[in-house]
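Asks: Coordinates in run_36.pdb, PDB, C-alpha atoms, pLDDT in the B column, are listed below.
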ATOM      1  CA  MET A   1     106.426  99.481  96.916  1.00 44.00           C
ATOM      2  CA  ASP A   2     108.426  96.767  98.684  1.00 46.00           C
ATOM      3  CA  THR A   3     110.471  98.452 101.414  1.00 49.00           C
ATOM      4  CA  LYS A   4     112.925  95.518 101.468  1.00 52.00           C
ATOM      5  CA  ASP A   5     114.029  96.282  97.922  1.00 62.00           C
ATOM      6  CA  PRO A   6     113.557 100.028  97.438  1.00 72.00           C
ATOM      7  CA  MET A   7     113.605 101.465  93.943  1.00 79.00           C
ATOM      8  CA  LYS A   8     116.810 103.274  93.063  1.00 86.00           C
ATOM      9  CA  LEU A   9     116.134 106.923  92.331  1.00 89.00           C
ATOM     10  CA  ASP A  10     118.528 108.988  90.262  1.00 90.00           C
ATOM     11  CA  ARG A  11     118.745 112.764  89.927  1.00 89.00           C
ATOM     12  CA  TYR A  12     116.074 112.823  87.211  1.00 92.00           C
ATOM     13  CA  ASP A  13     113.618 110.878  89.377  1.00 92.00           C
ATOM     14  CA  LEU A  14     114.256 113.149  92.363  1.00 90.00           C
ATOM     15  CA  LYS A  15     113.790 116.252  90.219  1.00 91.00           C
ATOM     16  CA  ILE A  16     110.521 114.860  88.815  1.00 93.00           C
ATOM     17  CA  LEU A  17     109.270 114.196  92.343  1.00 92.00           C
ATOM     18  CA  ASP A  18     110.339 117.638  93.518  1.00 88.00           C
ATOM     19  CA  ILE A  19     108.513 119.355  90.656  1.00 90.00           C
ATOM     20  CA  LEU A  20     105.350 117.237  90.903  1.00 92.00           C
ATOM     21  CA  ALA A  21     105.186 117.794  94.674  1.00 87.00           C
ATOM     22  CA  THR A  22     104.756 121.517  94.058  1.00 85.00           C
ATOM     23  CA  ASP A  23     102.986 121.470  90.680  1.00 89.00           C
ATOM     24  CA  GLY A  24     101.004 118.300  90.024  1.00 90.00           C
ATOM     25  CA  ARG A  25      99.300 119.969  87.039  1.00 92.00           C
ATOM     26  CA  ILE A  26     102.476 120.622  85.063  1.00 93.00           C
ATOM     27  CA  THR A  27     102.260 119.458  81.456  1.00 94.00           C
ATOM     28  CA  LYS A  28     104.332 116.529  80.203  1.00 93.00           C
ATOM     29  CA  SER A  29     106.350 118.791  77.942  1.00 95.00           C
ATOM     30  CA  ARG A  30     107.083 121.403  80.636  1.00 95.00           C
ATOM     31  CA  LEU A  31     108.122 118.662  83.070  1.00 95.00           C
ATOM     32  CA  ALA A  32     110.430 117.120  80.476  1.00 96.00           C
ATOM     33  CA  GLU A  33     111.914 120.536  79.717  1.00 95.00           C
ATOM     34  CA  ALA A  34     112.465 121.252  83.435  1.00 94.00           C
ATOM     35  CA  ILE A  35     114.538 118.095  83.903  1.00 94.00           C
ATOM     36  CA  ASN A  36     116.289 118.220  80.501  1.00 94.00           C
ATOM     37  CA  LEU A  37     114.819 115.025  79.055  1.00 94.00           C
ATOM     38  CA  SER A  38     112.605 114.460  76.059  1.00 95.00           C
ATOM     39  CA  VAL A  39     108.892 113.916  76.734  1.00 95.00           C
ATOM     40  CA  SER A  40     108.759 110.110  76.248  1.00 95.00           C
ATOM     41  CA  PRO A  41     111.602 109.128  78.623  1.00 95.00           C
ATOM     42  CA  CYS A  42     110.382 111.675  81.160  1.00 95.00           C
ATOM     43  CA  TRP A  43     106.822 110.355  81.054  1.00 95.00           C
ATOM     44  CA  GLU A  44     108.073 106.734  81.299  1.00 96.00           C
ATOM     45  CA  ARG A  45     109.857 107.723  84.526  1.00 95.00           C
ATOM     46  CA  VAL A  46     106.655 109.275  85.898  1.00 96.00           C
ATOM     47  CA  LYS A  47     104.682 106.110  85.087  1.00 95.00           C
ATOM     48  CA  ARG A  48     107.419 103.963  86.712  1.00 95.00           C
ATOM     49  CA  LEU A  49     107.293 106.129  89.869  1.00 94.00           C
ATOM     50  CA  GLU A  50     103.492 105.778  89.938  1.00 94.00           C
ATOM     51  CA  LYS A  51     103.633 102.006  89.450  1.00 94.00           C
ATOM     52  CA  ALA A  52     106.210 101.671  92.230  1.00 93.00           C
ATOM     53  CA  GLY A  53     103.872 103.508  94.608  1.00 93.00           C
ATOM     54  CA  ILE A  54     106.250 106.419  95.089  1.00 93.00           C
ATOM     55  CA  ILE A  55     103.739 108.765  93.479  1.00 94.00           C
ATOM     56  CA  GLU A  56     100.490 107.899  95.233  1.00 92.00           C
ATOM     57  CA  GLY A  57      98.258 110.377  93.458  1.00 90.00           C
ATOM     58  CA  TYR A  58      97.630 113.989  92.531  1.00 89.00           C
ATOM     59  CA  SER A  59      95.523 116.488  94.409  1.00 82.00           C
ATOM     60  CA  ALA A  60      94.902 120.164  94.962  1.00 81.00           C
ATOM     61  CA  ARG A  61      96.107 121.892  98.127  1.00 79.00           C
ATOM     62  CA  ILE A  62      93.022 123.601  99.516  1.00 75.00           C
ATOM     63  CA  ASN A  63      93.441 126.448 101.976  1.00 74.00           C
ATOM     64  CA  PRO A  64      90.940 125.322 104.629  1.00 68.00           C
ATOM     65  CA  HIS A  65      90.999 128.706 106.356  1.00 67.00           C
ATOM     66  CA  VAL A  66      89.511 130.355 103.268  1.00 75.00           C
ATOM     67  CA  VAL A  67      86.742 127.749 102.983  1.00 72.00           C
ATOM     68  CA  VAL A  68      85.805 127.485 106.660  1.00 68.00           C
ATOM     69  CA  LYS A  69      87.220 129.009 109.845  1.00 77.00           C
ATOM     70  CA  ARG A  70      88.913 126.474 112.099  1.00 84.00           C
ATOM     71  CA  ASN A  71      90.851 126.756 115.323  1.00 89.00           C
ATOM     72  CA  PRO A  72      93.990 124.609 115.230  1.00 92.00           C
ATOM     73  CA  VAL A  73      94.850 122.996 118.549  1.00 96.00           C
ATOM     74  CA  TRP A  74      97.831 120.770 119.329  1.00 97.00           C
ATOM     75  CA  VAL A  75      97.349 118.236 122.101  1.00 98.00           C
ATOM     76  CA  GLN A  76      99.804 116.056 123.974  1.00 97.00           C
ATOM     77  CA  ILE A  77      98.168 112.815 125.113  1.00 97.00           C
ATOM     78  CA  GLU A  78      99.401 110.441 127.784  1.00 97.00           C
ATOM     79  CA  LEU A  79      97.604 107.106 128.104  1.00 97.00           C
ATOM     80  CA  LYS A  80      96.804 105.294 131.357  1.00 96.00           C
ATOM     81  CA  ALA A  81      98.175 101.956 130.151  1.00 95.00           C
ATOM     82  CA  HIS A  82     100.927 101.144 127.700  1.00 94.00           C
ATOM     83  CA  ASN A  83      99.860  97.951 126.009  1.00 95.00           C
ATOM     84  CA  ALA A  84      98.713  97.014 122.522  1.00 96.00           C
ATOM     85  CA  ASP A  85      95.032  97.040 123.504  1.00 96.00           C
ATOM     86  CA  SER A  86      95.230 100.585 124.885  1.00 96.00           C
ATOM     87  CA  PHE A  87      97.099 101.910 121.852  1.00 97.00           C
ATOM     88  CA  GLN A  88      94.620 100.260 119.448  1.00 97.00           C
ATOM     89  CA  ARG A  89      91.572 101.602 121.325  1.00 96.00           C
ATOM     90  CA  PHE A  90      92.943 105.138 121.378  1.00 97.00           C
ATOM     91  CA  GLU A  91      94.115 105.067 117.742  1.00 97.00           C
ATOM     92  CA  ALA A  92      90.711 103.753 116.598  1.00 97.00           C
ATOM     93  CA  ALA A  93      89.008 106.729 118.291  1.00 97.00           C
ATOM     94  CA  VAL A  94      91.450 109.105 116.586  1.00 97.00           C
ATOM     95  CA  GLN A  95      90.774 107.509 113.173  1.00 97.00           C
ATOM     96  CA  GLU A  96      87.014 107.994 113.683  1.00 97.00           C
ATOM     97  CA  THR A  97      87.353 111.694 114.598  1.00 96.00           C
ATOM     98  CA  ALA A  98      87.181 113.928 111.520  1.00 94.00           C
ATOM     99  CA  SER A  99      88.538 117.015 113.310  1.00 95.00           C
ATOM    100  CA  VAL A 100      91.816 115.192 114.044  1.00 97.00           C
ATOM    101  CA  THR A 101      93.982 116.132 111.076  1.00 94.00           C
ATOM    102  CA  GLU A 102      97.291 114.775 112.322  1.00 96.00           C
ATOM    103  CA  CYS A 103      98.333 112.244 114.944  1.00 98.00           C
ATOM    104  CA  VAL A 104     101.765 110.841 115.665  1.00 98.00           C
ATOM    105  CA  ALA A 105     102.937 108.421 118.336  1.00 97.00           C
ATOM    106  CA  VAL A 106     106.031 109.763 120.079  1.00 96.00           C
ATOM    107  CA  GLY A 107     108.535 108.734 122.717  1.00 91.00           C
ATOM    108  CA  GLY A 108     109.809 110.916 125.508  1.00 85.00           C
ATOM    109  CA  GLY A 109     107.209 111.506 128.192  1.00 87.00           C
ATOM    110  CA  VAL A 110     103.926 111.605 126.281  1.00 94.00           C
ATOM    111  CA  ASP A 111     102.421 109.032 123.956  1.00 97.00           C
ATOM    112  CA  TYR A 112     100.830 111.070 121.150  1.00 98.00           C
ATOM    113  CA  LEU A 113     100.859 114.517 119.583  1.00 98.00           C
ATOM    114  CA  ILE A 114      97.588 115.372 117.866  1.00 98.00           C
ATOM    115  CA  LYS A 115      96.514 118.292 115.718  1.00 97.00           C
ATOM    116  CA  ILE A 116      92.811 119.052 115.922  1.00 96.00           C
ATOM    117  CA  GLU A 117      91.102 121.535 113.595  1.00 93.00           C
ATOM    118  CA  ALA A 118      88.083 122.486 115.693  1.00 92.00           C
ATOM    119  CA  GLU A 119      85.128 124.694 114.752  1.00 91.00           C
ATOM    120  CA  SER A 120      85.701 126.530 118.017  1.00 92.00           C
ATOM    121  CA  ILE A 121      87.586 126.131 121.262  1.00 94.00           C
ATOM    122  CA  ASP A 122      84.286 125.036 122.807  1.00 95.00           C
ATOM    123  CA  ALA A 123      83.938 122.305 120.158  1.00 95.00           C
ATOM    124  CA  TYR A 124      87.501 121.178 120.937  1.00 96.00           C
ATOM    125  CA  GLN A 125      86.709 120.963 124.660  1.00 97.00           C
ATOM    126  CA  ARG A 126      83.505 119.012 123.968  1.00 97.00           C
ATOM    127  CA  LEU A 127      85.577 116.507 121.965  1.00 97.00           C
ATOM    128  CA  MET A 128      88.056 116.114 124.817  1.00 97.00           C
ATOM    129  CA  ASP A 129      85.201 115.720 127.329  1.00 97.00           C
ATOM    130  CA  HIS A 130      83.657 113.064 125.077  1.00 97.00           C
ATOM    131  CA  TRP A 131      86.963 111.200 124.814  1.00 97.00           C
ATOM    132  CA  LEU A 132      87.434 111.316 128.606  1.00 96.00           C
ATOM    133  CA  MET A 133      83.866 110.091 129.247  1.00 95.00           C
ATOM    134  CA  SER A 134      84.157 107.292 126.681  1.00 94.00           C
ATOM    135  CA  ASP A 135      87.223 105.976 128.473  1.00 86.00           C
ATOM    136  CA  ILE A 136      89.542 105.469 125.521  1.00 94.00           C
ATOM    137  CA  GLY A 137      92.441 105.355 127.961  1.00 95.00           C
ATOM    138  CA  ILE A 138      93.553 108.975 128.345  1.00 97.00           C
ATOM    139  CA  GLU A 139      95.428 109.580 131.576  1.00 96.00           C
ATOM    140  CA  ARG A 140      96.017 113.283 130.940  1.00 95.00           C
ATOM    141  CA  TYR A 141      96.318 115.752 128.129  1.00 97.00           C
ATOM    142  CA  PHE A 142      97.900 119.129 127.516  1.00 97.00           C
ATOM    143  CA  THR A 143      96.295 121.647 125.167  1.00 97.00           C
ATOM    144  CA  TYR A 144      98.181 124.165 123.031  1.00 97.00           C
ATOM    145  CA  ILE A 145      96.040 126.724 121.218  1.00 95.00           C
ATOM    146  CA  VAL A 146      97.711 127.835 117.982  1.00 93.00           C
ATOM    147  CA  THR A 147      98.005 131.617 117.821  1.00 91.00           C
ATOM    148  CA  LYS A 148      99.947 131.821 114.550  1.00 89.00           C
ATOM    149  CA  THR A 149     101.281 129.377 111.966  1.00 87.00           C
ATOM    150  CA  VAL A 150     104.904 130.299 111.328  1.00 92.00           C
ATOM    151  CA  LYS A 151     105.675 127.639 108.712  1.00 90.00           C
ATOM    152  CA  SER A 152     103.779 124.745 107.201  1.00 83.00           C
ATOM    153  CA  THR A 153     105.350 123.030 104.183  1.00 78.00           C
ATOM    154  CA  PRO A 154     106.057 119.460 103.125  1.00 73.00           C
ATOM    155  CA  PRO A 155     109.666 118.353 103.639  1.00 74.00           C
ATOM    156  CA  PRO A 156     112.057 118.565 100.687  1.00 74.00           C
ATOM    157  CA  LEU A 157     112.735 115.319  98.845  1.00 70.00           C
ATOM    158  CA  ALA A 158     116.452 115.975  98.402  1.00 62.00           C
ATOM    159  CA  TRP A 159     118.105 117.324 101.534  1.00 55.00           C
ATOM    160  CA  LYS A 160     120.594 120.072 100.897  1.00 52.00           C
ATOM    161  CA  ALA A 161     123.147 121.447 103.316  1.00 48.00           C
ATOM    162  CA  GLU A 162     122.044 124.839 104.600  1.00 49.00           C
TER
END
Transcribe the structure of this file into structure tokens.
Replies:
Amino acid sequence: MDTKDPMKLDRYDLKILDILATDGRITKSRLAEAINLSVSPCWERVKRLEKAGIIEGYSARINPHVVVKRNPVWVQIELKAHNADSFQRFEAAVQETASVTECVAVGGGVDYLIKIEAESIDAYQRLMDHWLMSDIGIERYFTYIVTKTVKSTPPPLAWKAE
């Protein structure tokens, strides 16, 4: 979708997105009923949202902790240098590391926050040792072992006053 000319979304579109974000397997008729439209106009809206790139696809949410035990670790990373080359080198290493499940660049004292889903704390430390030895530009890092997940949900599409 072209970000210079964003698609206008009305209340029906937002409701469709809200429903599909939580139940991507809903039938056409149940979706239409939930937003108070007939099936054809509802489905045309879904197809328009897909074509515009707003709906990127459909998938199942898999609980990884049921399938395989992982140890979530959050890491703050500060780089030695702050230039395009350093950022690219570090970000390329992150992209190549399967156990990194989330990485954001941030301002305010550190450069990146990373979530790593490691097989063990030892496996996490071996990854960090590897990154430090491969000289991808890490100046220092701070490790936060997750002891409990309090909340983990996607953000709502329509913000409501609380």
Asks: Rounded to one decimal place, report the CA of Ile77 (chain A)-CA of Ile138 (chain A) distance in Å.
Replies: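 Value for the CA of Ile77 (chain A)-CA of Ile138 (chain A) distance: 6.8 Å.
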Asks: What does the distance from CA of Ile54 (chain A) to CA of Met7 (chain A) come to in Å, to one decimal?
Replies: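 A separation of 8.9 Å between them.
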Asks: Between A:Ser59, A:Ser152, A:Ser86, A:Gln125, which has the minimum distance to Gly24 (chain A) (counting only C-alpha atoms)?
Replies: A:Ser59
Asks: Applying the PyMOL selection byres ((chain A and resi 97-105) around 9) to the file I just gave you, which residues come out? Please list them as a count of residues only.
Replies: 20
Asks: CA of Phe142 (chain A) and CA of Phe90 (chain A) are how many Å apart?
Replies: 16.1 Å
Asks: List every protein, DNA or RNA residue with an atom no more than 12 Å from (88.5, 130.8, 110.5) in the file's coordinates, counting all atoms listed in the file, and format the result as an NGL selection string.
Replies: :A and (63-72 or 117-121)
Asks: Once the PyMOL selection byres ((chain A and resi 26-38) around 12) has been applied to the shown file, what residues remain in the selection, as a list in words?
Replies: Asp10, Arg11, Tyr12, Asp13, Leu14, Lys15, Ile16, Leu17, Asp18, Ile19, Leu20, Ala21, Thr22, Asp23, Gly24, Arg25, Val39, Ser40, Pro41, Cys42, Trp43, Glu44, Arg45, Val46, Lys47 and Tyr58 of chain A
Asks: Take the PyMOL selection byres ((chain A and resi 141) around 7), apply it to the structure above, and return the hits as a PyMOL selection string.
Replies: chain A and resi 75-78+140+142-143
Asks: Which one is closest to Leu132 (chain A): A:Lys148, A:Lys8, A:Lys80, A:Arg48? Count all atoms listed in the file.
Replies: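 That would be A:Lys80, the residue with the smallest distance to Leu132 (chain A).
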Asks: Select, from A:Leu9, A:Val73, A:Ala84, A:Ile62, the residue with the minimum atom-to-atom distance to Leu49 (chain A), counting all atoms listed in the file.
Replies: A:Leu9
